[in-house]
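To be precise, the following lines are entry.cif, and they hold mmCIF, C-alpha atoms.
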data_run
loop_
_atom_site.label_atom_id
_atom_site.label_comp_id
_atom_site.auth_asym_id
_atom_site.auth_seq_id
_atom_site.Cartn_x
_atom_site.Cartn_y
_atom_site.Cartn_z
CA MET A 82 10.46 -9.71 -7.62
CA PRO A 83 9.16 -6.14 -7.46
CA GLY A 84 9.82 -4.44 -4.12
CA GLU A 85 12.77 -6.64 -3.18
CA HIS A 86 16.35 -5.37 -3.10
CA LEU A 87 19.68 -7.15 -2.89
CA ASP A 88 22.66 -5.29 -1.44
CA LEU A 89 25.91 -6.71 -2.83
CA SER A 90 28.22 -4.05 -1.37
CA SER A 91 31.20 -4.98 0.75
CA ASP A 92 31.30 -4.54 4.51
CA GLY A 93 34.08 -1.94 4.30
CA ARG A 94 36.92 -4.20 5.44
CA ASP A 95 40.20 -4.97 3.72
CA ASP A 96 41.76 -8.41 3.13
CA ARG A 97 43.07 -8.47 6.72
CA GLY A 98 39.65 -7.72 8.20
CA GLN A 99 40.61 -4.16 9.14
CA PRO A 100 38.17 -1.30 8.49
CA SER A 101 38.84 0.48 5.21
CA PRO A 102 39.85 4.12 5.73
CA ASN A 103 37.07 5.19 3.32
CA ALA A 104 34.32 3.04 4.87
CA ARG A 105 31.31 4.93 6.23
CA ARG A 106 30.00 3.81 9.62
CA PHE A 107 26.31 2.90 9.74
CA VAL A 108 23.59 1.25 11.82
CA GLY A 109 20.56 -0.61 10.53
CA VAL A 110 17.15 0.91 11.21
CA LYS A 111 13.71 -0.57 10.57
CA PHE A 112 11.14 2.18 10.14
CA GLU A 113 7.82 0.84 11.46
CA CYS A 114 5.94 3.74 9.83
CA CYS A 115 6.45 2.19 6.36
CA ASP A 116 7.77 -1.27 7.31
CA VAL A 117 11.13 -0.70 5.59
CA TYR A 118 14.75 -1.27 6.61
CA THR A 119 17.67 0.99 5.66
CA ARG A 120 21.13 1.99 6.75
CA VAL A 121 21.59 5.22 8.68
CA TYR A 122 25.07 6.75 8.46
CA VAL A 123 27.12 8.76 10.94
CA ASN A 124 26.94 12.54 10.39
CA ARG A 125 29.91 14.75 9.46
CA ASP A 126 30.81 15.80 13.00
CA GLU A 127 30.44 12.18 14.21
CA SER A 128 28.02 13.17 16.97
CA ALA A 129 25.10 11.01 15.78
CA TYR A 130 23.73 8.63 13.18
CA GLU A 131 21.15 10.60 11.18
CA GLY A 132 18.80 9.58 8.41
CA HIS A 133 15.24 9.42 7.12
CA CYS A 134 12.66 6.82 6.21
CA PRO A 135 13.17 6.14 2.50
CA ARG A 136 9.42 6.19 1.86
CA CYS A 137 7.82 8.92 4.00
CA GLY A 138 10.89 10.91 5.08
CA LYS A 139 10.40 10.53 8.86
CA PRO A 140 13.71 11.60 10.46
CA VAL A 141 15.73 9.56 12.95
CA ARG A 142 18.74 10.64 15.02
CA LEU A 143 20.77 8.28 17.22
CA GLY A 144 23.26 10.17 19.39
CA ILE A 145 26.82 8.92 19.89
CA GLY A 146 28.34 9.35 23.33
CA PRO A 147 29.61 7.78 26.53
CA GLY A 148 27.40 5.12 28.05
CA GLY A 149 25.95 4.21 24.65
CA THR A 150 25.18 0.78 23.24
CA ASP A 151 26.94 -1.82 21.11
CA SER A 152 23.73 -2.52 19.17
CA ARG A 153 23.90 -2.20 15.39
CA PHE A 154 20.17 -2.58 14.62
CA PHE A 155 17.31 -0.38 15.80
CA THR A 156 13.58 0.16 15.27
CA ALA A 157 12.16 3.65 14.69
CA ARG A 158 8.54 4.04 15.83
#

Could you take the file, read its structure, and then write that structure out as structure tokens?
Amino acid sequence: MPGEHLDLSSDGRDDRGQPSPNARRFVGVKFECCDVYTRVYVNRDESAYEGHCPRCGKPVRLGIGPGGTDSRFFTAR
């Protein structure tokens, strides 16, 4: 159906369940501005997850540091 997407990529783990050395870390973000969900990947210096809404370009930055969270899904408002 138009507007629907199916992601058939792997989860970045090998046959033993260990993270692949080439796997990129990501979190899931739902952008309320355009009601879309996407992955946001860790930046090069590994200080934050940074990305943009795929429709309107609204930026999001989730800092990485001590006292953080184990959550993997977020909502950007």

### Task
Run the PyMOL selection byres ((chain A and resi 139) around 10) mentally over the shown coordinates, then write out the matched residues as a ChimeraX atom specification, using the chain letters and numbers from the document.
/A:112,114-115,132-138,140-141,157-158

Please dump the current selection as an mmCIF file, keeping the file's coordinate frame; keep C-alpha atoms.
data_model
loop_
_atom_site.group_PDB
_atom_site.id
_atom_site.type_symbol
_atom_site.label_atom_id
_atom_site.label_comp_id
_atom_site.auth_asym_id
_atom_site.auth_seq_id
_atom_site.Cartn_x
_atom_site.Cartn_y
_atom_site.Cartn_z
ATOM 1 C CA PHE A 112 11.140 2.180 10.140
ATOM 2 C CA CYS A 114 5.940 3.740 9.830
ATOM 3 C CA CYS A 115 6.450 2.190 6.360
ATOM 4 C CA GLY A 132 18.800 9.580 8.410
ATOM 5 C CA HIS A 133 15.240 9.420 7.120
ATOM 6 C CA CYS A 134 12.660 6.820 6.210
ATOM 7 C CA PRO A 135 13.170 6.140 2.500
ATOM 8 C CA ARG A 136 9.420 6.190 1.860
ATOM 9 C CA CYS A 137 7.820 8.920 4.000
ATOM 10 C CA GLY A 138 10.890 10.910 5.080
ATOM 11 C CA PRO A 140 13.710 11.600 10.460
ATOM 12 C CA VAL A 141 15.730 9.560 12.950
ATOM 13 C CA ALA A 157 12.160 3.650 14.690
ATOM 14 C CA ARG A 158 8.540 4.040 15.830
#

### Task
Take CA of Thr150 (chain A) and CA of Val108 (chain A) and report the distance between them in Å, one decimal.
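According to the coordinates, CA of Thr150 (chain A) and CA of Val108 (chain A) are separated by 11.5 Å.
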
### Query
What does the distance from CA of Ser152 (chain A) to CA of Glu127 (chain A) come to in Å, to one decimal?
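Atom-to-atom, CA of Ser152 (chain A) to CA of Glu127 (chain A), that is 16.9 Å.
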
### Message
Residues near Leu143 (chain A), anyone? I mean within 7 Å using all atoms listed in the file, not counting same-chain ones fewer than 5 positions away, as a count of residues only.
### Response
3

### Query
In Å, with one decimal, what is the gap from CA of Val117 (chain A) to CA of Pro102 (chain A)?
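Those two atoms sit 29.1 Å apart.
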
### Query
With distances taken over all atoms listed in the file, which of A:Gly144, A:Val121, A:Asp151, A:Ser128 is nearest to Gly109 (chain A)?
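Selected residue with least distance to Gly109 (chain A): A:Val121.
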
### Message
Under the PyMOL selection byres ((chain A and resi 105) around 8), which residues of this model are included? Write them out as a PyMOL selection string.
### Response
chain A and resi 93+103-104+106-107+122-123

Box centre and edge lengths (Å, one decimal), axis-aligned, region 133-136 of chain A plus 5 Å each side, as AutoDock Vina command-line options:
--center_x 12.3 --center_y 7.8 --center_z 4.5 --size_x 15.8 --size_y 13.3 --size_z 15.3
